[in-house]
>>> print(open('entry.txt').read())   # compact mmCIF, C-alpha atoms
# COMPACT_ATOMS: atom_id res chain seq x y z
CA LEU N 1 43.19 -28.12 -43.99
CA SER N 2 40.43 -28.30 -41.40
CA LYS N 3 37.43 -30.61 -41.70
CA ALA N 4 35.29 -27.56 -42.50
CA ASP N 5 37.62 -26.57 -45.35
CA LEU N 6 37.53 -30.07 -46.80
CA LEU N 7 33.75 -30.22 -46.55
CA SER N 8 33.40 -26.79 -48.17
CA ARG N 9 35.58 -27.80 -51.12
CA ARG N 10 33.67 -31.06 -51.52
CA VAL N 11 30.33 -29.22 -51.57
CA MET N 12 31.59 -26.66 -54.09
CA ALA N 13 32.91 -29.40 -56.37
CA THR N 14 29.62 -31.29 -56.16
CA PHE N 15 27.49 -28.29 -57.14
CA SER N 16 29.86 -27.25 -59.95
CA LYS N 17 29.67 -30.62 -61.77
CA PRO N 18 26.34 -30.09 -63.58
CA LYS N 19 27.33 -26.59 -64.68
CA LEU N 20 30.61 -27.84 -66.12
CA SER N 21 28.90 -30.68 -67.98
CA ILE N 22 26.34 -28.31 -69.53
CA SER N 23 29.03 -25.91 -70.78
CA TRP N 24 31.13 -28.77 -72.20
CA TYR N 25 28.11 -30.19 -74.02
CA LYS N 26 27.07 -26.85 -75.54
CA GLU N 27 30.55 -25.94 -76.75
CA GLY N 28 31.37 -29.41 -78.05
CA GLY N 29 28.04 -29.64 -79.87
CA ILE N 30 28.98 -26.63 -81.97
CA MET N 31 32.48 -27.90 -82.73
CA VAL N 32 31.37 -31.32 -83.95
CA ASN N 33 29.54 -29.79 -86.95
CA PRO N 34 31.08 -31.61 -89.97
CA THR N 35 30.16 -28.84 -92.39
CA ILE N 36 32.43 -26.45 -90.48
CA PHE N 37 35.43 -28.50 -89.35
CA GLY N 38 35.24 -31.64 -91.49
CA PHE N 39 35.31 -34.36 -88.84
CA THR N 40 32.48 -36.37 -87.34
CA MET N 41 32.21 -38.69 -84.36
CA LYS N 42 30.00 -41.43 -83.04
CA ASP N 43 29.66 -42.26 -79.35
CA TYR N 44 27.80 -45.17 -77.84
CA ILE N 45 27.60 -47.30 -74.71
CA ASN N 46 29.99 -50.15 -75.38
CA MET N 47 29.28 -52.13 -72.23
CA MET N 48 27.06 -51.68 -69.23
CA GLN N 49 28.46 -53.57 -66.30
CA GLY N 50 26.42 -56.06 -64.33
CA ALA N 51 26.92 -57.46 -60.86
CA GLY N 52 29.49 -60.11 -60.02
CA GLU N 53 33.22 -60.65 -59.66
CA ASN N 54 33.61 -61.41 -63.36
CA CYS N 55 32.24 -57.97 -64.25
CA ASP N 56 29.68 -59.54 -66.57
CA GLY N 57 27.90 -56.91 -68.58
CA ILE N 58 25.55 -56.17 -71.41
CA VAL N 59 27.39 -55.36 -74.62
CA ILE N 60 25.48 -52.63 -76.41
CA ASN N 61 25.36 -52.95 -80.19
CA PRO N 62 25.42 -49.37 -81.52
CA PHE N 63 23.66 -50.51 -84.68
CA GLY N 64 21.10 -52.73 -82.94
CA ASN N 65 18.23 -52.24 -80.56
CA ASN N 66 18.71 -53.60 -77.06
CA MET N 67 18.20 -50.36 -75.14
CA VAL N 68 15.16 -51.96 -73.47
CA LEU N 69 17.52 -54.56 -72.01
CA SER N 70 19.89 -51.92 -70.65
CA LYS N 71 16.97 -49.89 -69.28
CA ASP N 72 15.69 -52.94 -67.42
CA LEU N 73 19.16 -53.54 -65.96
CA ILE N 74 19.39 -49.96 -64.68
CA GLU N 75 15.91 -50.09 -63.18
CA ASN N 76 16.61 -53.42 -61.47
CA VAL N 77 19.84 -52.11 -59.96
CA LYS N 78 18.09 -48.94 -58.81
CA ALA N 79 15.39 -51.02 -57.12
CA GLU N 80 18.15 -52.73 -55.14
CA GLY N 81 19.44 -49.35 -53.99
CA ASP N 82 22.66 -49.91 -55.90
CA THR N 83 24.50 -48.42 -58.89
CA ILE N 84 26.46 -49.65 -61.92
CA GLY N 85 29.17 -48.35 -64.24
CA GLY N 86 30.32 -49.21 -67.73
CA ILE N 87 32.24 -48.20 -70.83
CA VAL N 88 31.56 -45.55 -73.48
CA SER N 89 33.24 -45.87 -76.88
CA CYS N 90 33.95 -43.02 -79.29
CA VAL N 91 34.96 -43.10 -82.96
CA ILE N 92 36.22 -39.94 -84.68
CA LYS N 93 36.02 -40.01 -88.48
CA GLY N 94 37.54 -37.59 -90.96
CA CYS N 95 40.24 -36.34 -88.60
CA PRO N 96 43.13 -34.91 -90.63
CA ALA N 97 46.59 -36.42 -90.35
CA GLY N 98 49.27 -34.49 -88.52
CA LEU N 99 47.41 -33.38 -85.40
CA GLY N 100 49.30 -33.59 -82.11
CA GLU N 101 52.93 -33.43 -81.09
CA PRO N 102 55.56 -36.17 -80.63
CA ALA N 103 56.37 -35.25 -77.03
CA PHE N 104 54.50 -32.89 -74.71
CA ASN N 105 51.18 -32.50 -76.55
CA LYS N 106 50.52 -35.97 -77.88
CA LEU N 107 47.02 -36.24 -79.26
CA GLN N 108 46.20 -39.29 -77.13
CA SER N 109 47.35 -37.52 -73.96
CA MET N 110 45.14 -34.55 -74.82
CA LEU N 111 42.18 -36.86 -75.30
CA ALA N 112 43.00 -38.76 -72.12
CA GLY N 113 43.24 -35.55 -70.11
CA ALA N 114 39.88 -34.37 -71.38
CA MET N 115 38.15 -37.70 -70.78
CA MET N 116 39.57 -38.11 -67.30
CA SER N 117 38.22 -34.65 -66.45
CA ILE N 118 34.68 -35.97 -66.83
CA ASN N 119 32.97 -36.83 -63.56
CA ALA N 120 33.08 -40.55 -62.67
CA ALA N 121 35.64 -41.37 -65.40
CA LYS N 122 38.11 -43.97 -64.14
CA GLY N 123 39.95 -45.27 -67.19
CA PHE N 124 40.95 -44.43 -70.77
CA GLU N 125 42.38 -46.49 -73.62
CA TYR N 126 42.76 -45.82 -77.33
CA GLY N 127 43.27 -48.22 -80.18
CA GLU N 128 43.57 -51.74 -78.85
CA GLY N 129 44.68 -50.34 -75.52
CA PHE N 130 45.47 -52.85 -72.79
CA ALA N 131 44.67 -55.78 -75.10
CA SER N 132 47.81 -54.96 -77.14
CA ALA N 133 49.96 -55.71 -74.07
CA CYS N 134 49.11 -59.39 -74.54
CA ARG N 135 50.05 -59.54 -78.22
CA LYS N 136 53.23 -59.55 -80.31
CA GLY N 137 54.53 -56.58 -82.25
CA SER N 138 53.93 -58.41 -85.51
CA GLU N 139 50.26 -58.71 -84.56
CA VAL N 140 49.64 -55.05 -83.77
CA ASN N 141 51.96 -53.11 -86.12
CA ASP N 142 50.01 -51.02 -88.62
CA LEU N 143 51.92 -51.49 -91.87
CA PHE N 144 51.89 -48.66 -94.41
CA THR N 145 50.66 -49.15 -97.95
CA ASN N 146 49.91 -47.10 -101.07
CA LYS N 147 46.18 -47.14 -101.77
CA ASN N 148 45.26 -45.38 -105.01
CA GLY N 149 48.11 -42.92 -104.62
CA LYS N 150 47.42 -42.26 -100.95
CA ILE N 151 49.69 -43.54 -98.21
CA THR N 152 47.65 -45.25 -95.50
CA THR N 153 47.88 -48.22 -93.15
CA GLN N 154 46.62 -51.73 -93.79
CA THR N 155 45.16 -51.98 -90.28
CA ASN N 156 44.26 -49.62 -87.47
CA HIS N 157 45.38 -51.30 -84.25
CA SER N 158 46.83 -47.99 -83.05
CA GLY N 159 43.46 -46.25 -83.10
CA GLY N 160 44.40 -43.57 -85.62
CA ILE N 161 47.28 -42.14 -83.58
CA GLN N 162 50.96 -43.05 -84.04
CA GLY N 163 53.79 -41.43 -82.13
CA GLY N 164 51.36 -38.93 -80.61
CA ILE N 165 50.20 -37.71 -84.04
CA SER N 166 47.01 -38.54 -85.96
CA ASN N 167 47.61 -40.57 -89.13
CA GLY N 168 44.32 -39.91 -90.92
CA GLN N 169 42.65 -43.17 -89.88
CA ASP N 170 39.61 -43.35 -87.63
CA ILE N 171 40.49 -42.45 -84.04
CA TYR N 172 38.75 -44.69 -81.55
CA PHE N 173 38.96 -44.87 -77.77
CA ARG N 174 37.04 -46.05 -74.75
CA VAL N 175 36.30 -44.42 -71.41
CA ALA N 176 35.43 -46.41 -68.28
CA PHE N 177 32.97 -44.90 -65.81
CA LYS N 178 32.66 -46.06 -62.22
CA PRO N 179 29.34 -46.80 -60.49
CA VAL N 180 27.80 -43.76 -58.82
CA ALA N 181 29.12 -43.47 -55.26
CA THR N 182 25.75 -42.37 -53.80
CA LEU N 183 23.75 -45.49 -52.93
CA LEU N 184 20.12 -45.57 -51.83
CA ARG N 185 20.94 -48.14 -49.18
CA GLU N 186 22.50 -48.07 -45.74
CA GLN N 187 26.31 -47.96 -45.57
CA THR N 188 28.73 -47.83 -42.71
CA THR N 189 30.81 -44.68 -42.16
CA VAL N 190 32.21 -42.49 -39.40
CA ASP N 191 31.11 -39.12 -38.06
CA LYS N 192 33.27 -36.01 -37.76
CA ASP N 193 34.69 -37.31 -34.48
CA GLY N 194 35.67 -40.66 -35.97
CA ASN N 195 32.89 -42.67 -34.35
CA ALA N 196 31.30 -45.52 -36.29
CA THR N 197 27.83 -44.79 -37.65
CA THR N 198 25.64 -45.49 -40.66
CA LEU N 199 24.53 -43.39 -43.60
CA LYS N 200 21.57 -43.79 -45.93
CA THR N 201 21.11 -41.32 -48.75
CA LYS N 202 17.69 -40.08 -49.78
CA GLY N 203 16.51 -38.15 -52.80
CA ARG N 204 16.90 -38.41 -56.58
CA HIS N 205 20.17 -39.96 -57.69
CA ASP N 206 21.07 -41.65 -60.97
CA PRO N 207 21.93 -45.36 -60.66
CA CYS N 208 24.10 -45.13 -63.82
CA VAL N 209 25.88 -42.20 -65.48
CA LEU N 210 26.39 -43.84 -68.88
CA PRO N 211 23.35 -42.39 -70.70
CA ARG N 212 24.42 -38.90 -69.61
CA ALA N 213 28.11 -39.54 -70.28
CA VAL N 214 27.76 -40.31 -74.00
CA PRO N 215 27.16 -36.70 -75.22
CA ILE N 216 29.77 -35.37 -72.78
CA VAL N 217 32.43 -37.73 -74.17
CA GLU N 218 31.55 -36.58 -77.68
CA ALA N 219 31.67 -32.91 -76.74
CA MET N 220 35.02 -33.18 -74.96
CA ALA N 221 36.53 -35.10 -77.87
CA ALA N 222 35.30 -32.45 -80.30
CA MET N 223 36.94 -29.69 -78.27
CA VAL N 224 40.25 -31.59 -78.15
CA ILE N 225 40.31 -32.19 -81.91
CA LEU N 226 39.48 -28.57 -82.65
CA ASP N 227 42.20 -27.41 -80.25
CA ALA N 228 44.66 -29.67 -82.08
CA ILE N 229 43.54 -28.28 -85.46
CA MET N 230 44.01 -24.70 -84.27
CA MET N 231 47.44 -25.46 -82.80
CA ASN N 232 48.42 -27.17 -86.04
CA LYS N 233 47.57 -24.04 -87.99
CA THR N 234 50.09 -22.04 -85.96
CA THR N 235 52.98 -24.29 -87.06
CA SER N 236 51.99 -25.17 -90.63
>>> encode(input="entry.txt", output="structure tokens")
Amino acid sequence: LSKADLLSRRVMATFSKPKLSISWYKEGGIMVNPTIFGFTMKDYINMMQGAGENCDGIVINPFGNNMVLSKDLIENVKAEGDTIGGIVSCVIKGCPAGLGEPAFNKLQSMLAGAMMSINAAKGFEYGEGFASACRKGSEVNDLFTNKNGKITTQTNHSGGIQGGISNGQDIYFRVAFKPVATLLREQTTVDKDGNATTLKTKGRHDPCVLPRAVPIVEAMAAMVILDAIMMNKTTS
């Protein structure tokens, strides 16, 4: 591909992002109606990253009120001409058991594919995710039990999905979003001929995508769950 072709594709992708996000949000907003499909979900900013090698951040309590603190952090970073990323958490309640497949259409892979399609998404984990790699099997196994005639699990380390199939427990996952690449400060780069130069972006650019990402994560998750419900109806 020529440089012109690459630039053209980059420009097209950039201008298509807002349109995609709007369509995802509108469709997912309809599908998350609990009176129609029976499941609900709650999304919130789990952590907003701060500066530093230790990735210190503000942990957002979804049931508290520290949005002023997070707003101040975003505004301070913007004043520096910089950007920040963070983590959005999602909890799906009321999801029926039996959604997903054991091999090629695992429910967690469908969710991961949808989440990683969102602009600026860089990571996905469900259940205890990477933290479970540092624990023993006896610490993370979700043991089955009979609770008032209903078979369920004593714990939910797996995040509501076992063997690629939903087990009826709450499904929870987290999506990591990178800092916005467009900085309002001078950066070094090269021109089309490979010569060293500098670049400073002007205009209106968000210093953090997290506030906008929350409803998109919810909408994408809703579409995945509804897809799984519809596919399940074809085999049951």
>>> closest_residue(input="entry.txt", among="N:Lys233, N:Lys178, N:Lys136, N:Arg204", to="Ile118 in chain N", atoms="only C-alpha atoms")
N:Lys178
>>> atom_distance(input="entry.txt", atom1="CA of Gly123 in chain N", atom2="CA of Arg174 in chain N")
8.1 Å
>>> closest_residue(input="entry.txt", among="N:Val190, N:Thr155, N:Ile165, N:Cys90", to="Ser109 in chain N", atoms="all atoms listed in the file")
N:Ile165
>>> closest_residue(input="entry.txt", among="N:Val217, N:Met116, N:Ile161, N:Ala121", to="Leu99 in chain N", atoms="all atoms listed in the file")
N:Ile161
>>> residues_around(input="entry.txt", residues="Pro211 in chain N", least_positions_apart="6", cutoff="12 Å", atoms="all atoms listed in the file", output="PyMOL selection string")
chain N and resi 43-48+60+67+70-71+74+84-88+177+217
>>> axis_aligned_box(input="entry.txt", around="range 95-101 of chain N", padding_each_side="3 Å", output="lines of an AutoDock Vina configuration file")
center_x = 46.6
center_y = -34.9
center_z = -85.9
size_x = 18.7
size_y = 9.0
size_z = 15.5
>>> residues_near_point(input="entry.txt", point="(54.0, -52.5, -92.1)", cutoff="12 Å", atoms="all atoms listed in the file", output="PDB file with C-alpha atoms, in the frame of the given file")
ATOM      1  CA  GLY N 137      54.530 -56.580 -82.250  1.00  0.00           C
ATOM      2  CA  SER N 138      53.930 -58.410 -85.510  1.00  0.00           C
ATOM      3  CA  GLU N 139      50.260 -58.710 -84.560  1.00  0.00           C
ATOM      4  CA  VAL N 140      49.640 -55.050 -83.770  1.00  0.00           C
ATOM      5  CA  ASN N 141      51.960 -53.110 -86.120  1.00  0.00           C
ATOM      6  CA  ASP N 142      50.010 -51.020 -88.620  1.00  0.00           C
ATOM      7  CA  LEU N 143      51.920 -51.490 -91.870  1.00  0.00           C
ATOM      8  CA  PHE N 144      51.890 -48.660 -94.410  1.00  0.00           C
ATOM      9  CA  THR N 145      50.660 -49.150 -97.950  1.00  0.00           C
ATOM     10  CA  ASN N 146      49.910 -47.100-101.070  1.00  0.00           C
ATOM     11  CA  ILE N 151      49.690 -43.540 -98.210  1.00  0.00           C
ATOM     12  CA  THR N 152      47.650 -45.250 -95.500  1.00  0.00           C
ATOM     13  CA  THR N 153      47.880 -48.220 -93.150  1.00  0.00           C
ATOM     14  CA  GLN N 154      46.620 -51.730 -93.790  1.00  0.00           C
ATOM     15  CA  THR N 155      45.160 -51.980 -90.280  1.00  0.00           C
ATOM     16  CA  ASN N 156      44.260 -49.620 -87.470  1.00  0.00           C
ATOM     17  CA  HIS N 157      45.380 -51.300 -84.250  1.00  0.00           C
TER      18      HIS N 157
END
>>> atom_distance(input="entry.txt", atom1="CA of Ile171 in chain N", atom2="CA of Pro96 in chain N")
10.4 Å
>>> closest_residue(input="entry.txt", among="N:Asp170, N:Glu186, N:Asp72, N:Asp206", to="Cys95 in chain N", atoms="only C-alpha atoms")
N:Asp170
>>> closest_residue(input="entry.txt", among="N:Ile92, N:Val214, N:Met41, N:Leu73", to="Gly168 in chain N", atoms="all atoms listed in the file")
N:Ile92
>>> residues_around(input="entry.txt", residues="Ala103 in chain N", least_positions_apart="2", cutoff="10 Å", atoms="only C-alpha atoms", output="count of residues only")
9
>>> closest_residue(input="entry.txt", among="N:Cys208, N:Asp191, N:Ile216, N:Leu199", to="Glu75 in chain N", atoms="only C-alpha atoms")
N:Cys208
>>> decode(input="entry.txt", residues="range 53-180 of chain N", atoms="C-alpha atoms", output="short mmCIF file (atom, residue, chain, number, x, y, z; two decimals), in the first residue's frame")
data_model
loop_
_atom_site.label_atom_id
_atom_site.label_comp_id
_atom_site.auth_asym_id
_atom_site.auth_seq_id
_atom_site.Cartn_x
_atom_site.Cartn_y
_atom_site.Cartn_z
CA GLU N 53 4.94 4.28 36.88
CA ASN N 54 2.80 2.56 39.51
CA CYS N 55 -0.35 3.40 37.55
CA ASP N 56 -1.91 4.96 40.63
CA GLY N 57 -5.52 5.79 40.04
CA ILE N 58 -8.79 6.90 41.54
CA VAL N 59 -11.06 3.97 42.33
CA ILE N 60 -14.61 5.00 41.55
CA ASN N 61 -17.23 3.71 43.98
CA PRO N 62 -20.35 3.07 41.86
CA PHE N 63 -22.53 3.55 44.92
CA GLY N 64 -20.72 6.63 46.23
CA ASN N 65 -20.16 10.18 45.07
CA ASN N 66 -16.62 11.07 44.08
CA MET N 67 -17.32 12.17 40.51
CA VAL N 68 -16.07 15.65 41.46
CA LEU N 69 -12.70 14.08 42.23
CA SER N 70 -12.56 12.32 38.87
CA LYS N 71 -13.68 15.48 37.07
CA ASP N 72 -10.87 17.44 38.71
CA LEU N 73 -8.36 14.79 37.65
CA ILE N 74 -9.50 14.95 34.02
CA GLU N 75 -9.41 18.74 33.99
CA ASN N 76 -5.93 18.82 35.54
CA VAL N 77 -4.59 16.35 32.98
CA LYS N 78 -6.20 18.32 30.15
CA ALA N 79 -4.55 21.51 31.40
CA GLU N 80 -1.21 19.73 31.08
CA GLY N 81 -2.00 18.88 27.47
CA ASP N 82 -2.05 15.18 28.35
CA THR N 83 -4.57 12.33 28.47
CA ILE N 84 -5.45 9.41 30.77
CA GLY N 85 -7.08 6.00 30.49
CA GLY N 86 -8.77 3.66 32.92
CA ILE N 87 -11.06 0.69 33.47
CA VAL N 88 -14.81 0.27 33.00
CA SER N 89 -16.60 -2.55 34.84
CA CYS N 90 -19.86 -4.18 33.78
CA VAL N 91 -22.20 -6.48 35.72
CA ILE N 92 -24.97 -8.38 33.91
CA LYS N 93 -27.78 -9.60 36.16
CA GLY N 94 -30.58 -12.01 35.32
CA CYS N 95 -28.75 -13.67 32.44
CA PRO N 96 -30.21 -17.14 31.86
CA ALA N 97 -28.01 -20.20 32.19
CA GLY N 98 -26.99 -22.06 29.07
CA LEU N 99 -25.94 -19.20 26.79
CA GLY N 100 -22.82 -19.72 24.71
CA GLU N 101 -21.02 -22.72 23.27
CA PRO N 102 -18.21 -24.91 24.66
CA ALA N 103 -15.87 -24.34 21.72
CA PHE N 104 -16.17 -21.81 18.90
CA ASN N 105 -18.79 -19.42 20.30
CA LYS N 106 -17.89 -19.22 23.96
CA LEU N 107 -19.83 -16.48 25.68
CA GLN N 108 -16.69 -14.85 27.08
CA SER N 109 -15.07 -14.78 23.64
CA MET N 110 -18.18 -13.12 22.19
CA LEU N 111 -18.06 -10.50 24.92
CA ALA N 112 -14.32 -10.01 24.47
CA GLY N 113 -14.71 -9.58 20.72
CA ALA N 114 -17.40 -6.96 21.19
CA MET N 115 -15.50 -5.05 23.86
CA MET N 116 -12.25 -5.06 21.92
CA SER N 117 -14.13 -3.59 18.95
CA ILE N 118 -14.72 -0.41 20.94
CA ASN N 119 -12.34 2.42 20.13
CA ALA N 120 -9.40 2.75 22.57
CA ALA N 121 -10.12 -0.62 24.25
CA LYS N 122 -6.85 -2.37 25.11
CA GLY N 123 -7.74 -5.18 27.50
CA PHE N 124 -10.56 -7.46 28.65
CA GLU N 125 -10.97 -9.79 31.61
CA TYR N 126 -13.98 -11.55 33.10
CA GLY N 127 -14.47 -13.02 36.53
CA GLU N 128 -11.28 -12.71 38.53
CA GLY N 129 -9.33 -12.54 35.30
CA PHE N 130 -5.57 -12.18 35.59
CA ALA N 131 -5.75 -12.23 39.40
CA SER N 132 -6.76 -15.92 39.26
CA ALA N 133 -3.39 -16.75 37.68
CA CYS N 134 -1.78 -16.04 41.05
CA ARG N 135 -4.10 -18.28 43.07
CA LYS N 136 -4.64 -22.01 43.61
CA GLY N 137 -7.45 -24.01 42.08
CA SER N 138 -8.93 -24.62 45.50
CA GLU N 139 -9.20 -20.86 45.96
CA VAL N 140 -11.01 -20.09 42.72
CA ASN N 141 -13.18 -23.16 42.02
CA ASP N 142 -16.89 -22.34 42.16
CA LEU N 143 -18.40 -25.32 43.99
CA PHE N 144 -21.97 -26.31 43.18
CA THR N 145 -24.67 -26.47 45.83
CA ASN N 146 -28.43 -27.00 46.11
CA LYS N 147 -30.08 -23.80 47.31
CA ASN N 148 -33.81 -24.19 47.92
CA GLY N 149 -34.11 -26.76 45.16
CA LYS N 150 -32.03 -24.77 42.69
CA ILE N 151 -28.53 -25.82 41.70
CA THR N 152 -26.15 -22.87 41.94
CA THR N 153 -22.57 -22.14 42.94
CA GLN N 154 -21.32 -21.10 46.36
CA THR N 155 -19.04 -18.44 44.87
CA ASN N 156 -18.68 -16.62 41.58
CA HIS N 157 -14.96 -16.41 40.86
CA SER N 158 -15.61 -17.40 37.25
CA GLY N 159 -17.74 -14.34 36.58
CA GLY N 160 -20.92 -16.22 35.67
CA ILE N 161 -19.38 -18.18 32.79
CA GLN N 162 -18.02 -21.73 33.02
CA GLY N 163 -16.71 -23.68 30.07
CA GLY N 164 -17.85 -20.94 27.71
CA ILE N 165 -21.47 -21.17 28.91
CA SER N 166 -23.38 -18.90 31.31
CA ASN N 167 -24.29 -20.59 34.61
CA GLY N 168 -27.04 -18.21 35.77
CA GLN N 169 -24.84 -16.19 38.13
CA ASP N 170 -24.02 -12.53 37.62
CA ILE N 171 -21.65 -12.03 34.68
CA TYR N 172 -19.01 -9.44 35.42
CA PHE N 173 -16.07 -8.22 33.38
CA ARG N 174 -13.73 -5.28 33.00
CA VAL N 175 -12.49 -3.38 29.96
CA ALA N 176 -9.26 -1.36 29.95
CA PHE N 177 -9.13 1.80 27.85
CA LYS N 178 -5.89 3.46 26.81
CA PRO N 179 -5.21 7.20 27.09
CA VAL N 180 -6.29 9.17 24.03
#
